[in-house]
$ cat start_21.cif   # mmCIF, C-alpha atoms
data_query
loop_
_atom_site.label_atom_id
_atom_site.label_comp_id
_atom_site.auth_asym_id
_atom_site.auth_seq_id
_atom_site.Cartn_x
_atom_site.Cartn_y
_atom_site.Cartn_z
CA MET R 201 12.70 12.43 -32.12
CA LYS R 202 14.21 9.05 -32.77
CA LEU R 203 15.24 6.53 -30.14
CA VAL R 204 15.83 2.81 -29.71
CA CYS R 205 15.54 0.69 -26.58
CA SER R 206 14.83 -2.91 -25.68
CA ARG R 207 11.23 -4.04 -25.33
CA THR R 208 11.98 -5.32 -21.81
CA ASN R 209 13.27 -1.95 -20.57
CA LEU R 210 10.55 0.03 -22.34
CA LEU R 211 7.71 -2.21 -21.14
CA ASN R 212 8.96 -2.04 -17.55
CA GLY R 213 9.13 1.76 -17.70
CA VAL R 214 5.72 2.17 -19.31
CA GLN R 215 4.12 -0.16 -16.76
CA ILE R 216 5.66 1.81 -13.89
CA VAL R 217 4.48 5.25 -14.99
CA SER R 218 1.06 3.98 -16.18
CA LYS R 219 0.09 3.70 -12.52
CA ALA R 220 -0.18 7.50 -12.43
CA VAL R 221 -2.44 7.78 -15.49
CA PRO R 222 -5.99 8.74 -14.42
CA GLY R 223 -8.87 6.48 -15.42
CA LYS R 224 -11.09 9.45 -16.21
CA THR R 225 -10.17 13.08 -16.78
CA THR R 226 -11.38 16.08 -18.76
CA MET R 227 -7.73 16.85 -19.64
CA SER R 228 -6.81 14.47 -22.45
CA ILE R 229 -3.09 15.25 -22.09
CA LEU R 230 -3.14 13.57 -18.64
CA GLN R 231 -4.13 10.29 -20.31
CA CYS R 232 -0.75 10.35 -22.05
CA ILE R 233 2.73 9.22 -21.15
CA LEU R 234 5.37 11.82 -21.89
CA ILE R 235 8.53 10.54 -23.57
CA ASP R 236 11.25 13.10 -22.97
CA ALA R 237 14.43 12.35 -24.89
CA SER R 238 15.48 15.98 -25.16
CA LYS R 239 18.58 15.58 -23.02
CA ASN R 240 20.95 12.69 -22.34
CA ASN R 241 18.41 10.11 -21.14
CA ILE R 242 14.98 8.69 -21.99
CA LYS R 243 12.53 9.79 -19.35
CA LEU R 244 8.93 8.56 -19.12
CA THR R 245 6.42 10.55 -17.06
CA ALA R 246 2.74 10.28 -16.11
CA ASN R 247 0.85 12.60 -13.79
CA ASP R 248 -2.78 12.75 -12.66
CA MET R 249 -2.14 15.96 -10.63
CA GLU R 250 -2.33 14.05 -7.34
CA LEU R 251 0.23 11.35 -8.10
CA GLY R 252 3.11 11.68 -10.54
CA ILE R 253 5.64 9.03 -11.56
CA GLU R 254 8.82 9.48 -13.56
CA THR R 255 11.29 6.77 -14.57
CA ILE R 256 14.41 6.63 -16.74
CA VAL R 257 14.70 3.91 -19.38
CA ASP R 258 18.00 2.75 -20.81
CA GLY R 259 18.25 3.22 -24.56
CA ASN R 260 19.92 5.05 -27.40
CA ILE R 261 18.80 8.56 -28.44
CA ILE R 262 19.45 9.07 -32.15
CA GLU R 263 17.56 12.36 -32.47
CA PRO R 264 16.44 14.23 -29.31
CA GLY R 265 12.84 15.25 -28.84
CA ILE R 266 9.65 15.06 -26.78
CA VAL R 267 6.26 13.49 -27.50
CA ALA R 268 3.15 12.58 -25.47
CA LEU R 269 1.47 9.28 -26.42
CA ASP R 270 -1.88 7.87 -25.30
CA ALA R 271 -0.90 5.71 -22.33
CA LYS R 272 -3.35 2.87 -22.87
CA ILE R 273 -2.54 2.44 -26.57
CA PHE R 274 1.20 2.84 -26.06
CA LEU R 275 1.27 0.23 -23.28
CA GLU R 276 -0.65 -2.30 -25.37
CA ILE R 277 1.58 -1.76 -28.40
CA VAL R 278 4.76 -2.34 -26.39
CA ARG R 279 3.21 -5.30 -24.58
CA LYS R 280 2.20 -7.02 -27.83
CA PHE R 281 5.42 -6.44 -29.72
CA PRO R 282 7.94 -9.33 -29.78
CA ASP R 283 11.12 -9.26 -27.70
CA GLY R 284 13.95 -7.27 -29.21
CA ASP R 285 14.64 -3.61 -29.87
CA ILE R 286 11.85 -1.09 -30.36
CA LYS R 287 12.37 2.11 -32.34
CA ILE R 288 10.20 5.16 -31.72
CA GLU R 289 10.30 7.93 -34.30
CA THR R 290 8.25 11.13 -34.50
CA ASP R 291 7.99 13.83 -37.14
CA ASP R 292 7.32 17.57 -36.81
CA SER R 293 3.54 16.96 -36.55
CA TYR R 294 4.07 14.35 -33.78
CA GLN R 295 3.02 11.43 -35.97
CA THR R 296 4.78 8.58 -34.20
CA VAL R 297 5.98 5.33 -35.74
CA ILE R 298 6.76 2.48 -33.35
CA THR R 299 8.77 -0.30 -34.99
CA SER R 300 9.87 -3.75 -33.85
CA GLY R 301 11.37 -6.16 -36.38
CA ASN R 302 9.12 -6.23 -39.43
CA ALA R 303 6.16 -4.70 -37.58
CA ASN R 304 5.44 -1.00 -37.31
CA ILE R 305 2.47 0.88 -35.92
CA LYS R 306 1.75 4.56 -36.53
CA ILE R 307 -0.17 6.58 -33.92
CA VAL R 308 -0.91 10.25 -33.39
CA GLY R 309 1.16 11.89 -30.68
CA LYS R 310 0.85 15.26 -28.97
CA PRO R 311 3.34 17.98 -28.15
CA GLY R 312 4.59 17.95 -24.58
CA ASP R 313 3.97 21.67 -24.06
CA ASP R 314 0.70 21.17 -22.15
CA PHE R 315 1.90 18.16 -20.17
CA SER R 316 2.05 18.57 -16.38
CA TYR R 317 5.57 17.73 -15.32
CA LEU R 318 6.23 16.59 -11.76
CA PRO R 319 6.31 19.55 -9.38
CA SER R 320 9.76 20.86 -8.50
CA ILE R 321 10.40 19.84 -4.91
CA GLU R 322 13.09 21.25 -2.64
CA LYS R 323 14.74 18.06 -1.45
CA LEU R 324 15.99 18.99 2.01
CA ASP R 325 14.02 17.01 4.59
CA SER R 326 14.47 13.26 3.98
CA ILE R 327 14.78 9.79 5.48
CA VAL R 328 16.27 6.58 4.05
CA LEU R 329 15.05 3.00 4.42
CA SER R 330 15.25 -0.19 2.40
CA GLN R 331 12.80 -1.01 -0.37
CA PHE R 332 11.91 -4.16 1.56
CA SER R 333 11.05 -2.22 4.72
CA LEU R 334 8.85 0.29 2.91
CA ARG R 335 6.98 -2.39 0.97
CA GLU R 336 6.38 -4.36 4.16
CA LEU R 337 5.20 -1.28 6.06
CA ILE R 338 2.63 -0.62 3.35
CA ARG R 339 1.56 -4.27 3.03
CA GLN R 340 1.04 -4.60 6.77
CA THR R 341 -1.11 -1.47 7.18
CA ILE R 342 -2.77 -0.49 3.89
CA PHE R 343 -5.75 -2.84 4.28
CA SER R 344 -7.28 -0.75 7.07
CA ILE R 345 -7.57 2.59 5.28
CA ALA R 346 -11.12 3.68 4.51
CA ASP R 347 -12.35 2.93 0.98
CA ASN R 348 -14.48 6.06 0.63
CA ASP R 349 -13.96 9.80 0.97
CA THR R 350 -16.36 10.39 3.86
CA ASN R 351 -13.33 11.33 5.93
CA LYS R 352 -10.38 12.16 3.67
CA LEU R 353 -7.81 11.53 6.40
CA MET R 354 -8.97 7.92 6.71
CA THR R 355 -8.08 7.29 3.06
CA GLY R 356 -4.42 7.93 3.85
CA GLU R 357 -1.74 6.63 6.17
CA LEU R 358 0.14 8.48 8.87
CA PHE R 359 3.92 8.57 8.36
CA GLU R 360 5.48 9.68 11.63
CA VAL R 361 9.23 10.09 12.05
CA ASN R 362 10.63 10.37 15.57
CA GLU R 363 14.43 10.33 15.68
CA ASP R 364 15.41 6.80 14.54
CA LYS R 365 11.85 5.43 14.36
CA LEU R 366 9.30 5.47 11.55
CA ARG R 367 5.71 4.66 12.50
CA VAL R 368 3.06 4.05 9.85
CA ALA R 369 -0.60 3.92 10.89
CA SER R 370 -4.01 3.58 9.23
CA LEU R 371 -7.59 3.38 10.46
CA ASP R 372 -11.10 3.11 9.05
CA GLY R 373 -13.30 3.63 12.10
CA HIS R 374 -13.46 -0.09 12.96
CA ARG R 375 -9.78 -0.92 13.35
CA ILE R 376 -6.29 0.54 13.56
CA SER R 377 -3.11 -0.88 12.03
CA ILE R 378 0.31 0.31 13.19
CA ARG R 379 3.79 -0.74 12.15
CA LYS R 380 7.04 0.64 13.51
CA VAL R 381 10.57 0.20 12.17
CA TYR R 382 13.94 1.51 13.26
CA LEU R 383 15.90 3.62 10.80
CA LYS R 384 19.67 3.53 10.30
CA SER R 385 20.02 7.20 11.29
CA SER R 386 18.23 9.71 13.48
CA TYR R 387 16.03 12.37 11.86
CA PRO R 388 14.00 15.43 12.92
CA ARG R 389 10.40 14.81 13.93
CA LYS R 390 7.95 14.73 11.04
CA LYS R 391 4.28 13.81 10.69
CA VAL R 392 2.42 13.65 7.35
CA VAL R 393 -0.60 11.85 5.89
CA VAL R 394 0.10 10.05 2.59
CA PRO R 395 -2.79 9.03 0.27
CA GLY R 396 -3.43 5.29 0.24
CA LYS R 397 -3.65 5.32 -3.56
CA ALA R 398 -0.06 6.52 -3.85
CA LEU R 399 1.20 3.93 -1.36
CA ASN R 400 -0.65 1.14 -3.15
CA GLU R 401 1.00 2.04 -6.44
CA ILE R 402 4.44 2.47 -4.87
CA SER R 403 4.24 -0.96 -3.26
CA LYS R 404 3.66 -2.50 -6.71
CA ILE R 405 6.78 -0.84 -8.13
CA LEU R 406 9.22 -1.53 -5.28
CA SER R 407 11.50 -4.52 -5.81
CA GLY R 408 11.42 -5.42 -2.12
CA ASP R 409 15.21 -5.75 -2.09
CA THR R 410 16.79 -5.33 1.34
CA ASP R 411 19.99 -4.00 -0.26
CA LYS R 412 18.28 -1.24 -2.25
CA ASP R 413 17.20 1.95 -0.53
CA VAL R 414 14.34 4.39 -0.90
CA VAL R 415 14.92 8.05 -0.12
CA ILE R 416 11.74 9.78 1.08
CA PHE R 417 11.60 13.59 0.93
CA PHE R 418 9.00 15.64 2.82
CA THR R 419 7.59 19.09 2.12
CA ASN R 420 4.50 20.83 3.44
CA LYS R 421 2.37 19.66 0.52
CA HIS R 422 4.18 16.74 -1.11
CA ILE R 423 6.05 13.54 -0.39
CA VAL R 424 8.67 12.22 -2.82
CA PHE R 425 9.92 8.63 -3.09
CA GLU R 426 13.15 8.08 -5.02
CA PHE R 427 14.47 4.59 -5.75
CA GLU R 428 16.66 3.24 -8.52
CA ASN R 429 15.65 5.16 -11.70
CA THR R 430 12.15 6.07 -10.50
CA THR R 431 10.69 9.12 -8.76
CA VAL R 432 7.16 9.17 -7.32
CA VAL R 433 5.62 12.43 -6.14
CA SER R 434 2.32 12.54 -4.26
CA ARG R 435 0.29 15.31 -2.75
CA LEU R 436 -0.20 14.94 0.98
CA ILE R 437 -3.63 14.87 2.63
CA GLU R 438 -4.04 18.08 4.58
CA GLY R 439 -5.26 18.11 8.18
CA ASP R 440 -4.30 16.82 11.60
CA TYR R 441 -4.38 13.03 11.80
CA PHE R 442 -6.29 11.31 14.59
CA ASN R 443 -4.60 10.98 17.98
CA ILE R 444 -4.07 7.23 17.72
CA ASP R 445 -2.10 7.09 20.97
CA GLN R 446 -5.28 8.10 22.81
CA MET R 447 -7.06 5.13 21.23
CA LEU R 448 -4.46 2.61 22.34
CA SER R 449 -4.46 1.02 25.76
CA SER R 450 -2.08 -1.22 27.67
CA ASP R 451 -4.82 -2.35 30.08
CA TYR R 452 -6.22 -5.83 29.66
CA GLU R 453 -8.18 -8.43 31.61
CA THR R 454 -7.34 -11.38 29.35
CA LYS R 455 -4.19 -12.23 27.41
CA VAL R 456 -4.18 -15.10 24.93
CA THR R 457 -1.15 -16.58 23.19
CA ILE R 458 -2.12 -18.72 20.22
CA ASN R 459 -0.65 -20.34 17.10
CA LYS R 460 -1.22 -17.78 14.36
CA ARG R 461 -1.63 -20.25 11.51
CA LYS R 462 -4.19 -22.38 13.38
CA LEU R 463 -6.25 -19.32 14.28
CA LEU R 464 -6.08 -17.87 10.77
CA ASP R 465 -7.03 -21.18 9.13
CA SER R 466 -9.95 -21.65 11.50
CA ILE R 467 -11.38 -18.17 10.82
CA ASP R 468 -10.81 -18.68 7.10
CA ARG R 469 -12.84 -21.90 7.21
CA ALA R 470 -15.61 -20.16 9.12
CA THR R 471 -15.97 -17.54 6.38
CA LEU R 472 -16.98 -20.29 3.94
CA LEU R 473 -20.35 -20.17 5.70
CA VAL R 474 -20.80 -16.43 5.25
CA LYS R 475 -22.30 -15.00 2.07
CA GLU R 476 -20.61 -11.98 0.54
CA GLY R 477 -22.00 -8.85 2.14
CA ASP R 478 -23.40 -10.78 5.12
CA LYS R 479 -22.07 -9.35 8.39
CA LYS R 480 -22.11 -12.51 10.46
CA PRO R 481 -19.63 -12.24 13.35
CA ILE R 482 -17.31 -14.99 14.46
CA ILE R 483 -17.80 -15.65 18.17
CA ILE R 484 -14.72 -16.42 20.23
CA ASP R 485 -15.19 -18.14 23.57
CA ILE R 486 -12.02 -18.09 25.67
CA THR R 487 -11.62 -20.42 28.63
CA ASP R 488 -8.63 -21.65 30.61
CA GLU R 489 -6.84 -23.79 28.03
CA ASN R 490 -8.68 -23.35 24.78
CA MET R 491 -10.42 -20.96 22.45
CA GLU R 492 -13.65 -22.04 20.80
CA LEU R 493 -14.58 -20.35 17.53
CA LYS R 494 -18.24 -20.42 16.51
CA ILE R 495 -20.22 -19.11 13.57
CA ASN R 496 -23.86 -19.63 12.61
CA SER R 497 -25.36 -18.52 9.31
CA THR R 498 -28.13 -19.41 6.87
CA ILE R 499 -25.62 -21.68 5.09
CA GLY R 500 -24.59 -23.65 8.18
CA SER R 501 -22.63 -23.53 11.41
CA MET R 502 -19.12 -24.29 12.60
CA ARG R 503 -17.37 -24.91 15.89
CA GLU R 504 -13.65 -25.37 16.32
CA ILE R 505 -11.43 -25.56 19.40
CA ILE R 506 -7.81 -24.36 19.44
CA ASP R 507 -5.34 -24.79 22.30
CA ILE R 508 -4.14 -21.55 23.85
CA THR R 509 -2.12 -20.14 26.71
CA LYS R 510 -4.31 -17.77 28.71
CA ASN R 511 -3.71 -15.28 31.50
CA GLY R 512 -6.70 -13.60 33.12
CA LYS R 513 -10.47 -13.96 32.84
CA ASP R 514 -12.66 -16.13 30.64
CA LEU R 515 -14.32 -14.11 27.89
CA MET R 516 -16.78 -14.42 25.00
CA ILE R 517 -16.51 -11.80 22.26
CA GLY R 518 -17.54 -11.35 18.60
CA PHE R 519 -15.62 -9.90 15.65
CA ASN R 520 -15.97 -9.26 11.96
CA PRO R 521 -13.95 -12.26 10.70
CA LYS R 522 -12.47 -10.28 7.79
CA PHE R 523 -10.81 -7.82 10.15
CA LEU R 524 -9.11 -10.62 12.06
CA ILE R 525 -7.99 -12.32 8.83
CA ASP R 526 -6.55 -9.08 7.41
CA ALA R 527 -4.40 -8.54 10.50
CA LEU R 528 -3.28 -12.14 10.99
CA ARG R 529 -2.25 -12.56 7.33
CA VAL R 530 0.39 -9.84 7.53
CA ILE R 531 1.92 -10.81 10.87
CA ASP R 532 5.15 -12.78 10.73
CA GLY R 533 5.94 -15.35 13.41
CA GLU R 534 4.35 -18.56 14.65
CA GLU R 535 2.44 -17.17 17.63
CA VAL R 536 0.46 -14.02 18.36
CA ASP R 537 -0.56 -12.37 21.61
CA ILE R 538 -4.12 -11.06 21.85
CA TYR R 539 -5.10 -8.63 24.62
CA LEU R 540 -8.76 -8.19 25.61
CA VAL R 541 -10.72 -6.30 28.28
CA ASN R 542 -14.42 -7.17 27.89
CA PRO R 543 -16.94 -8.03 25.12
CA LYS R 544 -17.53 -4.33 24.35
CA ALA R 545 -13.90 -3.15 24.26
CA PRO R 546 -11.45 -3.47 21.37
CA CYS R 547 -8.88 -6.23 21.24
CA PHE R 548 -5.21 -5.62 20.52
CA ILE R 549 -2.95 -7.98 18.61
CA LYS R 550 0.62 -6.87 19.22
CA ASP R 551 4.14 -8.04 19.97
CA SER R 552 6.20 -7.20 23.03
CA GLU R 553 8.15 -4.44 21.24
CA ASP R 554 5.03 -2.85 19.71
CA SER R 555 6.65 -3.23 16.26
CA TYR R 556 3.10 -4.02 15.17
CA VAL R 557 -0.23 -3.19 16.82
CA TYR R 558 -3.63 -4.14 15.39
CA MET R 559 -6.69 -2.83 17.21
CA ILE R 560 -10.06 -4.29 16.23
CA LEU R 561 -13.45 -3.24 17.57
CA PRO R 562 -15.81 -6.06 18.57
CA VAL R 563 -19.36 -6.48 17.24
CA ASN R 564 -22.59 -7.44 18.92
CA PHE R 565 -23.72 -11.04 18.59
CA THR R 566 -26.30 -13.54 19.70
CA THR R 567 -24.97 -16.68 21.34
CA VAL R 568 -24.65 -19.70 19.06
CA SER R 569 -26.50 -22.57 20.69
#
$ encode --input "start_21.cif" --output "structure tokens"
Amino acid sequence: MKLVCSRTNLLNGVQIVSKAVPGKTTMSILQCILIDASKNNIKLTANDMELGIETIVDGNIIEPGIVALDAKIFLEIVRKFPDGDIKIETDDSYQTVITSGNANIKIVGKPGDDFSYLPSIEKLDSIVLSQFSLRELIRQTIFSIADNDTNKLMTGELFEVNEDKLRVASLDGHRISIRKVYLKSSYPRKKVVVPGKALNEISKILSGDTDKDVVIFFTNKHIVFEFENTTVVSRLIEGDYFNIDQMLSSDYETKVTINKRKLLDSIDRATLLVKEGDKKPIIIDITDENMELKINSTIGSMREIIDITKNGKDLMIGFNPKFLIDALRVIDGEEVDIYLVNPKAPCFIKDSEDSYVYMILPVNFTTVS
């Protein structure tokens, strides 16, 4: 095999597929990136058997061929070469010479025979949305997936298609995040659970361009994302997702409308007084025209008053400040509406169209004197 392509194109491609290279595996071939120049394009592939990524790199194929190179070494070589063209050349024993200008590095490659290509997916059931929309949907929900495998379903996100609506939801047992967008066309109903790891990696690759689309294909076991020259295939998480509609409520005793930035900044300041790992709640005391935020820790204490518009009863309630910060940071708009029932019931931060809903469970607290 012999090929030439620009460092910029090659580095971009290697960085994209590297996201599917496993950190640890007993199968050494999975720690490689496959370079397939056997046909009329240069295709890079990585696959950890749960997540697979394939991307096409522009370049010139002088002699067709296939080789698998250690992903970590290959990425560092390309990264540290100067700008310009890079030539990759392999012999019959897969010895690979990578050349840029006057520099060349020789590494040992492997045949591609044992490499796990992306599974062949029947691409029938699909939806289309912009790269921007998908990246935003992930950004505004991914923070509330569970970070351990105690309940596998909680490590993924629900993708639910209902005619011209796509709803994405995540939960970790303490909070729920939901985002809904309207699609350009109407589609059959579909409900799948996508691993959070795959969505995290996809969000890093997406350009976020409103004019560039992503086509998402669904099967019983896989989900496929196709955009520009890249294809991402992920296994789905099996099982029935939680009935989140049962957990949501439109009942409330208190509704607060507040400036989002002022509330976020105040909670952010309060966390300066909380040591990492300390579960000190922020106490919110709601009265007719203001909200008082209070926190008391071994480091110190804070009180701050913010003007609000309130409908309903006065209320004092405590929350994990991180959960409030996570939700507020991803909400667009100057003001947010917060719906509450009592100190033991969850609060809901949502807009009038339910395009976003964030449910957060309260925590017990002792009154700050």
$ closest_residue --input "start_21.cif" --among "R:Asn304, R:Thr226, R:Ser344, R:Thr410" --to "R:Leu524" --atoms "only C-alpha atoms"
R:Ser344
$ atom_distance --input "start_21.cif" --atom1 "atom CA of R:Thr471" --atom2 "atom CA of R:Ile486"
19.7 Å
$ resolve_selection --input "start_21.cif" --expression "the PyMOL selection byres ((chain R and resi 458) around 9)" --output "PyMOL selection string"
chain R and resi 456-457+459-463+491+506-510+534-538
$ closest_residue --input "start_21.cif" --among "R:Ser385, R:Gln215, R:Asn351, R:Ser320" --to "R:Lys421" --atoms "only C-alpha atoms"
R:Ser320
$ closest_residue --input "start_21.cif" --among "R:Val394, R:Val361, R:Leu353, R:Ile233" --to "R:Ser316" --atoms "all atoms listed in the file"
R:Ile233
$ residues_around --input "start_21.cif" --residues "R:Ile467" --least-positions-apart "5" --cutoff "9 Å" --atoms "only C-alpha atoms" --output "short mmCIF file (atom, residue, chain, number, x, y, z; two decimals) with C-alpha atoms, in the frame of the given file"
data_model
loop_
_atom_site.label_atom_id
_atom_site.label_comp_id
_atom_site.auth_asym_id
_atom_site.auth_seq_id
_atom_site.Cartn_x
_atom_site.Cartn_y
_atom_site.Cartn_z
CA LYS R 462 -4.19 -22.38 13.38
CA ILE R 482 -17.31 -14.99 14.46
CA LEU R 493 -14.58 -20.35 17.53
CA PRO R 521 -13.95 -12.26 10.70
CA LYS R 522 -12.47 -10.28 7.79
CA LEU R 524 -9.11 -10.62 12.06
CA ILE R 525 -7.99 -12.32 8.83
#
$ residues_around --input "start_21.cif" --residues "R:Asp292" --least-positions-apart "5" --cutoff "10 Å" --atoms "all atoms listed in the file" --output "ChimeraX atom specification"
/R:201,265,311
$ atom_distance --input "start_21.cif" --atom1 "atom CA of R:Lys455" --atom2 "atom CA of R:Leu561"
16.2 Å
$ resolve_selection --input "start_21.cif" --expression "the PyMOL selection byres ((chain R and resi 207-212) around 10)" --output "ChimeraX atom specification"
/R:204-206,213-217,242,244,255-259,274-287,300,405
$ residues_near_point --input "start_21.cif" --point "(8.3, 0.5, 0.5)" --cutoff "9 Å" --atoms "all atoms listed in the file" --output "MDAnalysis selection string"
chainID R and resid 329:339 399 402:403 405:408 414
$ atom_distance --input "start_21.cif" --atom1 "atom CA of R:Thr225" --atom2 "atom CA of R:Ala268"
15.9 Å
$ closest_residue --input "start_21.cif" --among "R:Ser377, R:Asn490, R:Ser326, R:Thr299" --to "R:Ile342" --atoms "all atoms listed in the file"
R:Ser377
$ closest_residue --input "start_21.cif" --among "R:Val415, R:Ile273, R:Val541, R:Met227" --to "R:Ile307" --atoms "only C-alpha atoms"
R:Ile273
$ decode --input "start_21.cif" --residues "stretch 471-479 of chain R" --atoms "all heavy atoms" --output "mmCIF file, in the first residue's frame"
data_model
loop_
_atom_site.group_PDB
_atom_site.id
_atom_site.type_symbol
_atom_site.label_atom_id
_atom_site.label_comp_id
_atom_site.auth_asym_id
_atom_site.auth_seq_id
_atom_site.Cartn_x
_atom_site.Cartn_y
_atom_site.Cartn_z
ATOM 1 N N THR R 471 -21.127 27.525 45.833
ATOM 2 C CA THR R 471 -20.342 26.285 45.799
ATOM 3 C C THR R 471 -18.878 26.511 46.156
ATOM 4 O O THR R 471 -18.148 25.547 46.419
ATOM 5 C CB THR R 471 -20.430 25.611 44.418
ATOM 6 O OG1 THR R 471 -19.939 26.509 43.419
ATOM 7 C CG2 THR R 471 -21.854 25.222 44.087
ATOM 8 N N LEU R 472 -18.437 27.770 46.179
ATOM 9 C CA LEU R 472 -17.070 28.068 46.617
ATOM 10 C C LEU R 472 -16.863 27.660 48.074
ATOM 11 O O LEU R 472 -15.734 27.420 48.509
ATOM 12 C CB LEU R 472 -16.771 29.569 46.468
ATOM 13 C CG LEU R 472 -16.769 30.132 45.044
ATOM 14 C CD1 LEU R 472 -16.650 31.653 45.080
ATOM 15 C CD2 LEU R 472 -15.621 29.524 44.231
ATOM 16 N N LEU R 473 -17.961 27.569 48.811
ATOM 17 C CA LEU R 473 -17.888 27.241 50.239
ATOM 18 C C LEU R 473 -18.101 25.752 50.517
ATOM 19 O O LEU R 473 -18.238 25.354 51.672
ATOM 20 C CB LEU R 473 -18.933 28.066 51.010
ATOM 21 C CG LEU R 473 -18.817 29.585 50.859
ATOM 22 C CD1 LEU R 473 -19.946 30.281 51.600
ATOM 23 C CD2 LEU R 473 -17.466 30.080 51.361
ATOM 24 N N VAL R 474 -18.151 24.964 49.441
ATOM 25 C CA VAL R 474 -18.392 23.529 49.602
ATOM 26 C C VAL R 474 -17.161 22.753 49.119
ATOM 27 O O VAL R 474 -16.725 22.919 47.986
ATOM 28 C CB VAL R 474 -19.632 23.084 48.796
ATOM 29 C CG1 VAL R 474 -19.878 21.588 48.996
ATOM 30 C CG2 VAL R 474 -20.855 23.889 49.215
ATOM 31 N N LYS R 475 -16.594 21.946 50.008
ATOM 32 C CA LYS R 475 -15.452 21.124 49.616
ATOM 33 C C LYS R 475 -15.901 20.032 48.655
ATOM 34 O O LYS R 475 -17.045 19.582 48.705
ATOM 35 C CB LYS R 475 -14.823 20.469 50.858
ATOM 36 C CG LYS R 475 -14.124 21.441 51.795
ATOM 37 C CD LYS R 475 -13.560 20.694 52.995
ATOM 38 C CE LYS R 475 -12.862 21.635 53.959
ATOM 39 N NZ LYS R 475 -12.377 20.922 55.160
ATOM 40 N N GLU R 476 -14.969 19.615 47.794
ATOM 41 C CA GLU R 476 -15.286 18.556 46.843
ATOM 42 C C GLU R 476 -15.666 17.286 47.595
ATOM 43 O O GLU R 476 -14.997 16.851 48.515
ATOM 44 C CB GLU R 476 -14.067 18.292 45.951
ATOM 45 C CG GLU R 476 -14.379 17.369 44.793
ATOM 46 C CD GLU R 476 -13.221 17.252 43.824
ATOM 47 O OE1 GLU R 476 -12.275 18.059 43.898
ATOM 48 O OE2 GLU R 476 -13.267 16.338 43.000
ATOM 49 N N GLY R 477 -16.791 16.712 47.210
ATOM 50 C CA GLY R 477 -17.278 15.508 47.871
ATOM 51 C C GLY R 477 -18.216 15.795 49.032
ATOM 52 O O GLY R 477 -18.891 14.891 49.521
ATOM 53 N N ASP R 478 -18.271 17.050 49.486
ATOM 54 C CA ASP R 478 -19.172 17.439 50.568
ATOM 55 C C ASP R 478 -20.567 17.653 49.988
ATOM 56 O O ASP R 478 -20.728 18.351 48.988
ATOM 57 C CB ASP R 478 -18.668 18.734 51.218
ATOM 58 C CG ASP R 478 -19.328 18.989 52.565
ATOM 59 O OD1 ASP R 478 -20.221 18.206 52.928
ATOM 60 O OD2 ASP R 478 -18.954 19.966 53.244
ATOM 61 N N LYS R 479 -21.573 17.069 50.599
ATOM 62 C CA LYS R 479 -22.928 17.145 50.044
ATOM 63 C C LYS R 479 -23.770 18.197 50.768
ATOM 64 O O LYS R 479 -24.876 17.924 51.226
ATOM 65 C CB LYS R 479 -23.595 15.783 50.112
ATOM 66 C CG LYS R 479 -22.894 14.743 49.239
ATOM 67 C CD LYS R 479 -23.583 13.406 49.287
ATOM 68 C CE LYS R 479 -22.881 12.386 48.404
ATOM 69 N NZ LYS R 479 -23.527 11.058 48.436
#
